[in-house]
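**Student:** Quick one: the structure is below, and I'll ask about it shortly.
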Amino acid sequence: MTVSIPSPLRSYTGGTHIVEGYGATLAEVLADLNERYPGFRFRIVTEQDGIRRHIKIFINEELVRDLADKVQDSDAIHIICALSGG
Amino acid sequence: MKRTQQRKPVLLVSTRKGAFILRGDASRRTWTLTGPLFLGHVVHHLVLDSRDGRTLLMAARTGHLGPTVFRSTDFGKSWKEAERPPAFRKAGEGEQGRVVDHVFWLAPGHASEPGVWYAGTSPQGLFRSEDGGMTWEGVAGFNEHPMNGKWTGGPQDGTPDGPKLHSILIDPRNAAHMYIGMSSGGVFETTDKGKDWRPLNKGCRADFLPTPEPEYGHDPHCVRLHPLQPDRLYQQNHCGIYRMDRSEGRWVRIGEKMPKKVGDIGFPIVLHPRDPDTAWVVPMDGGTVWPRVSPDGKPAVYVTRNAGKSWARQDKGLPKNQAWWTVKRQAMTADAHDPVGIYFATTGGEVWGNRTEGGAWTCVARHLPEIYSLEAAGFPG
C-alpha cells in the first residue's frame with residue numbers, strides 16, 4: 001500500500017511524498033513507519049492513541065476514526081494536515 | 001557565572017513561528033539576529049544548559065503536529081529530535097487519559113546531575129530526562145499523585161492556551177529539593193526529588209476563587225528562586241507580586257508598594273543574579289476584563305532594590321504612550337554581566353534591553369513573530 005506524507009512530516013521521510021506502508025491495520029502501518037522514521041508517529045497520534053486534532057487520516061476515501069481499522073495491500077493511505085492557521 | 005561572563009552574550013528568542021538567536025558584542029551595545037530556526041514551528045522555550053555551556057534544548061510543536069523536544073550540542077547548527085518526548089502514561093481501561101498539548105518549560109537539572117533536565121507541560125505535567133533530553137519519563141510522584149487532579153483542576157482552570165506547569169526551580173544546595181509553579185494550581189515543593197509534593201501557597205491570594213486564601217488553586221505566573229539565597233522566592237502572581245523567605249513560611253505581597261495607578265499585575269519577574277534584594281517586573285493592566293497590556297499604553301519596567309519595600313519606574317527609552325505591549329511570563333531575562341543586562345520581549349515581536357540595570361532601554365530587535373520566551377546565555381566567542 002502507499003502512504004502519502006504531508007509536507008510537515010516530510011522531514012522524517014527525507015523529503016519523500018509517498019512511502020510504502022506495511023501492516024494489517026492502520027496501527028501496524030504507523031508502528032512500522034515509526035520504526036523506519038523515528039518520531040513520526042507521536043507527531044500525529046497522541047500517547048492515548050488518538051489521532052491528533054489537526055490531523056486527518058484517510059484509507060482511500062474513507063476518514064479513519066480508529067487506528068484498529070483494517071488495511072489492505074492495495075489501499076492508499078492519506079495523512080492530511082488540516083485546519084490549523086493564523 | 002564566570003564562564004558566562006567570558007562568553008559572548010546571546011539572547012535565545014522563542015516565538016510562535018520559530019526561534020531566533022541574538023548575538024551581542026562584548027559591550028552588549030550591538031546585537032545581530034540569526035535565524036529563524038525551525039521556521040513555522042511554535043517554540044515555547046529555548047534554553048542553554050548552563051552546566052555544560054553548549055547543549056540547547058527547544059520545546060516545539062507545529063499547528064498540526066504534536067509536541068516534541070529538539071536538542072543541539074553545537075549552538076544551534078544542527079538539531080536532533082528527542083527519541084521519546086514528554087508524554088503522559090497511557091490510560092488504563094475506563095480511565096481518562098491525559099495528552100501533552102505542548103511542552104512549555106525546560107529546565108536543566110541540578111549541577112550535580114549532568115544530563116538531567118526537567119520539562120513542564122500543558123496540561124500540567126512534570127517530566128524528567130536523564131540523557132540530556134533525548135528520552136523523557138513522567139515524574140510519577142507528581143503526575144500520578146493522588147491529589148494531582150485537585151491540584152491541577154480541569155481544563156477550564158487554565159490559561160487561554162491551556163493550563164501550564166512552569167517555573168521548575170531546583171535548590172542549588174540539594175538536587176532533591178525542587179519547586180514548581182502551575183497556572184493554575186499554585187506553587188508546590190518536593191524535598192525527595194519529586195516522589196511527594198506539597199502546596200506552598202500560604203499568604204498568597206487567589207481572589208478569583210470563593211476562598212481567597214485556599215491551600216492550592218492559585219495562579220502564579222512566574223516564580224523565581226535566588227541562586228545565592230535559595231530560601232528566598234519571588235513570584236509574579238495573577239493576584240500581585242510576592243516574596244517568600246522560607247524562615248517566615250508565608251508569601252508576603254510586596255506589590256502593594258507599587259503605584260496604585262499601575263498596580264502589581266504582570267506575567268514575568270526576574271532577579272539580579274548577585275543581589276537577592278533586587279527584582280524587575282513588567283506591570284500590565286489586570287483591571288476589568290484583563291487587557292494584559294501596558295497600563296494606560298505606557299510601558300515600563302519596575303525594579304525593587306530592597307526586596308519589595310519600594311519600587312522605581314524604569315521607562316527611559318521606551319515609548320511614552322500608545323504602546324500596548326504584552327510581555328509573557330517567559331519573556332524577561334537577566335544576564336550575568338556587571339552591571340546586569342535586563343531584557344524583555346513583547347508579543348508584538350520586539351526585544352528590548354537595558355545594560356546598565358536602570359539606564360535607557362534600547363530596542364534590540366523588532367518585527368519578529370509573537371515572542372513567547374527570552375533567555376540570556378553565553379556562547380563561546
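Ordering of the C-alpha cells sets the chain letters (A, B, ...); residue numbers start at 1 within each chain; ligands are numbered from 1 in the order shown.
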Residues of chain B were defined as contacting chain A if any atom lay at most 12 Å from it, counting only C-alpha atoms; please report them as a PDB file with C-alpha atoms, in the first residue's frame.
**Tutor:**
ATOM      1  CA  ARG B  16       5.103  31.384  17.794  1.00  0.00           C
ATOM      2  CA  LYS B  17       6.723  30.976  14.374  1.00  0.00           C
ATOM      3  CA  PHE B  38      12.508  25.844  12.781  1.00  0.00           C
ATOM      4  CA  LEU B  39      10.538  28.497  10.922  1.00  0.00           C
ATOM      5  CA  GLY B  40       6.807  27.993  11.414  1.00  0.00           C
ATOM      6  CA  HIS B  41       7.202  25.816  14.495  1.00  0.00           C
ATOM      7  CA  VAL B  42       5.560  27.008  17.701  1.00  0.00           C
ATOM      8  CA  ALA B  60       8.425  22.857  19.896  1.00  0.00           C
ATOM      9  CA  ARG B  61       5.318  21.764  18.094  1.00  0.00           C
ATOM     10  CA  THR B  62       3.558  22.973  14.967  1.00  0.00           C
ATOM     11  CA  GLY B  63      -0.026  23.956  14.299  1.00  0.00           C
ATOM     12  CA  HIS B  64      -0.683  20.425  13.092  1.00  0.00           C
ATOM     13  CA  LEU B  65       1.938  18.215  14.708  1.00  0.00           C
ATOM     14  CA  GLY B  66       2.248  17.121  18.294  1.00  0.00           C
ATOM     15  CA  PRO B  67       4.774  18.357  20.835  1.00  0.00           C
ATOM     16  CA  THR B  68       8.413  17.402  20.884  1.00  0.00           C
ATOM     17  CA  VAL B  69      11.842  18.471  22.074  1.00  0.00           C
ATOM     18  CA  PHE B  70      14.834  19.169  19.866  1.00  0.00           C
ATOM     19  CA  LYS B  80      18.227  16.073  16.839  1.00  0.00           C
ATOM     20  CA  GLU B  81      14.699  15.276  17.941  1.00  0.00           C
ATOM     21  CA  ALA B  82      14.040  13.534  21.240  1.00  0.00           C
ATOM     22  CA  GLU B  83      13.558   9.808  20.773  1.00  0.00           C
ATOM     23  CA  ARG B  84      10.834   9.797  23.414  1.00  0.00           C
ATOM     24  CA  PRO B  85       9.329  13.271  24.002  1.00  0.00           C
ATOM     25  CA  PRO B  86       7.388  14.059  27.177  1.00  0.00           C
ATOM     26  CA  ALA B  87       4.121  12.109  27.146  1.00  0.00           C
ATOM     27  CA  PHE B  88       1.667  11.086  29.820  1.00  0.00           C
ATOM     28  CA  ARG B  89       1.187   7.481  30.825  1.00  0.00           C
ATOM     29  CA  LYS B  90      -1.185   5.505  28.612  1.00  0.00           C
ATOM     30  CA  ALA B  91      -4.510   5.380  30.414  1.00  0.00           C
ATOM     31  CA  GLY B  92      -5.892   2.089  31.627  1.00  0.00           C
ATOM     32  CA  GLU B  93      -9.262   0.671  30.643  1.00  0.00           C
ATOM     33  CA  GLU B  95      -9.552   5.730  32.748  1.00  0.00           C
ATOM     34  CA  GLN B  96      -9.427   9.248  31.321  1.00  0.00           C
ATOM     35  CA  GLY B  97      -6.002   9.675  29.764  1.00  0.00           C
ATOM     36  CA  ARG B  98      -4.117  12.933  29.531  1.00  0.00           C
ATOM     37  CA  VAL B  99      -2.419  14.214  26.398  1.00  0.00           C
ATOM     38  CA  VAL B 100       0.515  16.628  26.321  1.00  0.00           C
ATOM     39  CA  ASP B 101      -0.568  19.558  24.173  1.00  0.00           C
ATOM     40  CA  HIS B 102       2.752  21.328  24.342  1.00  0.00           C
ATOM     41  CA  MET B 134      16.715  12.509  24.324  1.00  0.00           C
ATOM     42  CA  THR B 135      14.238  10.420  26.332  1.00  0.00           C
ATOM     43  CA  PRO B 369       6.722  36.931  15.372  1.00  0.00           C
ATOM     44  CA  GLU B 370       4.871  36.839  18.682  1.00  0.00           C
TER      45      GLU B 370
END
**Student:** Within 6 Å of segment 263-274 of chain B, counting only C-alpha atoms, which residues show up once you throw out same-chain ones fewer than 4 positions away? Write them as a PyMOL selection string, please.
**Tutor:** chain B and resi 221-222+236+240-241+255+258+278-284+286+328-329+333
**Student:** Could the residues in this selection be written to a file with C-alpha atoms, as a compact mmCIF listing (two decimals), in the first residue's frame?
**Tutor:**
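Result file part33.txt:
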# COMPACT_ATOMS: atom_id res chain seq x y z
CA HIS B 221 2.54 33.49 36.58
CA CYS B 222 6.27 33.21 37.20
CA GLN B 236 4.61 37.44 39.94
CA GLY B 240 0.11 40.54 42.77
CA ILE B 241 3.83 40.38 43.40
CA GLY B 255 3.47 44.57 45.10
CA MET B 258 3.70 49.65 43.53
CA THR B 278 16.75 43.21 43.52
CA ALA B 279 13.99 42.14 41.14
CA TRP B 280 12.38 43.52 38.00
CA VAL B 281 8.76 43.19 36.80
CA VAL B 282 6.71 44.40 33.84
CA PRO B 283 3.31 45.56 35.06
CA MET B 284 0.24 45.03 32.91
CA GLY B 286 -5.23 43.47 35.10
CA LYS B 328 4.68 36.91 28.59
CA ARG B 329 5.94 35.09 31.68
CA THR B 333 15.57 37.60 31.49
**Student:** Go through B:Leu48, B:Met244, B:Ala140, B:Ala175 one by one, measure the shortest atom-to-atom distance of each to Arg224 of chain B using only C-alpha atoms, and give the residue with the smallest value.
**Tutor:**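 That would be B:Met244, the residue with the smallest distance to Arg224 of chain B.
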**Student:** Any idea what's packed within 8 Å of Asp75 of chain A, counting only C-alpha atoms, ignoring anything in its chain fewer than 3 positions away? Could you give it as a PyMOL selection string?
**Tutor:** chain A and resi 1-2+59-60+71-72
**Student:** Based on DSSP run over this structure's backbone, return all residues of segment 85-332 of chain B in helix (DSSP H, G or I), as a list in words.
**Tutor:**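 Matching residues for helix (DSSP H, G or I) in segment 85-332 of chain B are Ala140, Gly141, Phe142, Asn143, Asn148, Gly149, Lys150, Trp151, Thr152, Pro155, Gln156, Asp157, Ile254, Gly255, Glu256, Lys257, Pro295, Asp296 and Gly297 of chain B.
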**Student:** Running DSSP on the backbone, which parts of segment 6-140 of chain B land in strand (DSSP E), as a PyMOL selection string?
**Tutor:** chain B and resi 8-15+18-24+31-37+42-48+56-61+68-72+80-81+102-108+117-122+125-129+137-138
**Student:** For the selection just defined, write its residues with C-alpha atoms to a file, as a compact mmCIF listing (two decimals), in the first residue's frame.
**Tutor:**
# COMPACT_ATOMS: atom_id res chain seq x y z
CA LYS B 8 29.71 36.37 24.01
CA PRO B 9 26.26 37.46 25.18
CA VAL B 10 23.39 35.69 23.50
CA LEU B 11 19.63 36.00 23.74
CA LEU B 12 17.59 32.93 22.85
CA VAL B 13 14.26 34.04 21.41
CA SER B 14 11.32 31.64 21.13
CA THR B 15 8.36 32.69 19.06
CA GLY B 18 10.20 29.69 15.16
CA ALA B 19 13.28 30.55 17.19
CA PHE B 20 15.96 33.19 16.76
CA ILE B 21 19.33 33.87 18.33
CA LEU B 22 20.52 37.39 19.09
CA ARG B 23 24.29 37.62 19.40
CA GLY B 24 25.69 40.64 21.19
CA TRP B 31 23.16 42.75 18.55
CA THR B 32 22.96 40.58 15.45
CA LEU B 33 19.89 38.50 14.75
CA THR B 34 20.32 34.99 13.34
CA GLY B 35 17.62 32.57 12.37
CA PRO B 36 14.90 31.67 12.07
CA LEU B 37 15.41 28.21 13.44
CA VAL B 42 5.56 27.01 17.70
CA VAL B 43 8.56 27.30 20.00
CA HIS B 44 7.69 27.75 23.64
CA HIS B 45 11.14 27.62 25.20
CA LEU B 46 14.77 27.52 24.06
CA VAL B 47 17.27 27.01 26.85
CA LEU B 48 21.05 26.63 27.08
CA LEU B 56 20.46 23.68 23.74
CA LEU B 57 17.00 22.21 24.21
CA MET B 58 13.98 23.53 22.36
CA ALA B 59 10.33 22.83 23.18
CA ALA B 60 8.43 22.86 19.90
CA ARG B 61 5.32 21.76 18.09
CA THR B 68 8.41 17.40 20.88
CA VAL B 69 11.84 18.47 22.07
CA PHE B 70 14.83 19.17 19.87
CA ARG B 71 18.45 19.08 21.06
CA SER B 72 21.58 20.74 19.74
CA LYS B 80 18.23 16.07 16.84
CA GLU B 81 14.70 15.28 17.94
CA HIS B 102 2.75 21.33 24.34
CA VAL B 103 5.99 21.33 26.26
CA PHE B 104 6.03 24.72 27.92
CA TRP B 105 9.06 24.94 30.19
CA LEU B 106 12.52 23.39 30.08
CA ALA B 107 14.97 23.48 32.98
CA PRO B 108 18.43 21.95 33.34
CA TRP B 117 16.61 18.02 32.56
CA TYR B 118 13.06 18.72 33.63
CA ALA B 119 10.13 19.72 31.43
CA GLY B 120 6.79 21.25 32.35
CA THR B 121 3.87 20.78 30.01
CA SER B 122 0.36 21.89 29.19
CA GLY B 125 2.75 17.50 33.76
CA LEU B 126 6.29 17.19 35.05
CA PHE B 127 8.83 15.14 33.11
CA ARG B 128 12.47 14.24 33.64
CA SER B 129 15.24 13.27 31.26
CA GLU B 137 9.78 9.95 31.68
CA GLY B 138 6.91 11.34 33.68
**Student:** List the spatial neighbours of Arg366 of chain B as a PyMOL selection string - criterion: any atom at most 9 Å away, only C-alpha atoms, same-chain residues fewer than 3 positions off excluded.
**Tutor:** chain B and resi 348-352+363+369
**Student:** Could you tell me which of A:Ser74, A:Ala68, A:Ile51, A:Thr13 comes closest to Val29 of chain A if we count only C-alpha atoms?
**Tutor:**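 Under the stated criterion, the closest residue is A:Ala68.
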**Student:** For Arg198 of chain B, which residue among B:Asn148, B:Gln330, B:Asn237, B:Thr159 is the nearest when counting only C-alpha atoms?
**Tutor:** B:Asn148
**Student:** If you count only C-alpha atoms, which residues fall within 8 Å of Pro339 of chain B, apart from same-chain ones fewer than 3 positions away, as a ChimeraX atom specification?
**Tutor:** /B:355-357
**Student:** Put those residues in a file: N, CA and C atoms, as a PDB file, in the first residue's frame.
**Tutor:**
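Now in part.pdb:
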ATOM      1  N   ARG B 355      21.417  47.610  29.571  1.00  0.00           N
ATOM      2  CA  ARG B 355      22.676  47.006  30.001  1.00  0.00           C
ATOM      3  C   ARG B 355      23.284  47.713  31.202  1.00  0.00           C
ATOM      4  N   THR B 356      22.509  48.584  31.835  1.00  0.00           N
ATOM      5  CA  THR B 356      23.037  49.319  32.986  1.00  0.00           C
ATOM      6  C   THR B 356      22.163  49.162  34.225  1.00  0.00           C
ATOM      7  N   GLU B 357      21.253  48.228  34.205  1.00  0.00           N
ATOM      8  CA  GLU B 357      20.354  47.955  35.336  1.00  0.00           C
ATOM      9  C   GLU B 357      19.352  49.073  35.605  1.00  0.00           C
TER      10      GLU B 357
END
**Student:** Quick check, in Å to one decimal: how far apart do atom CA of Val223 of chain B and atom CA of Ser167 of chain B lie?
**Tutor:** 5.5 Å
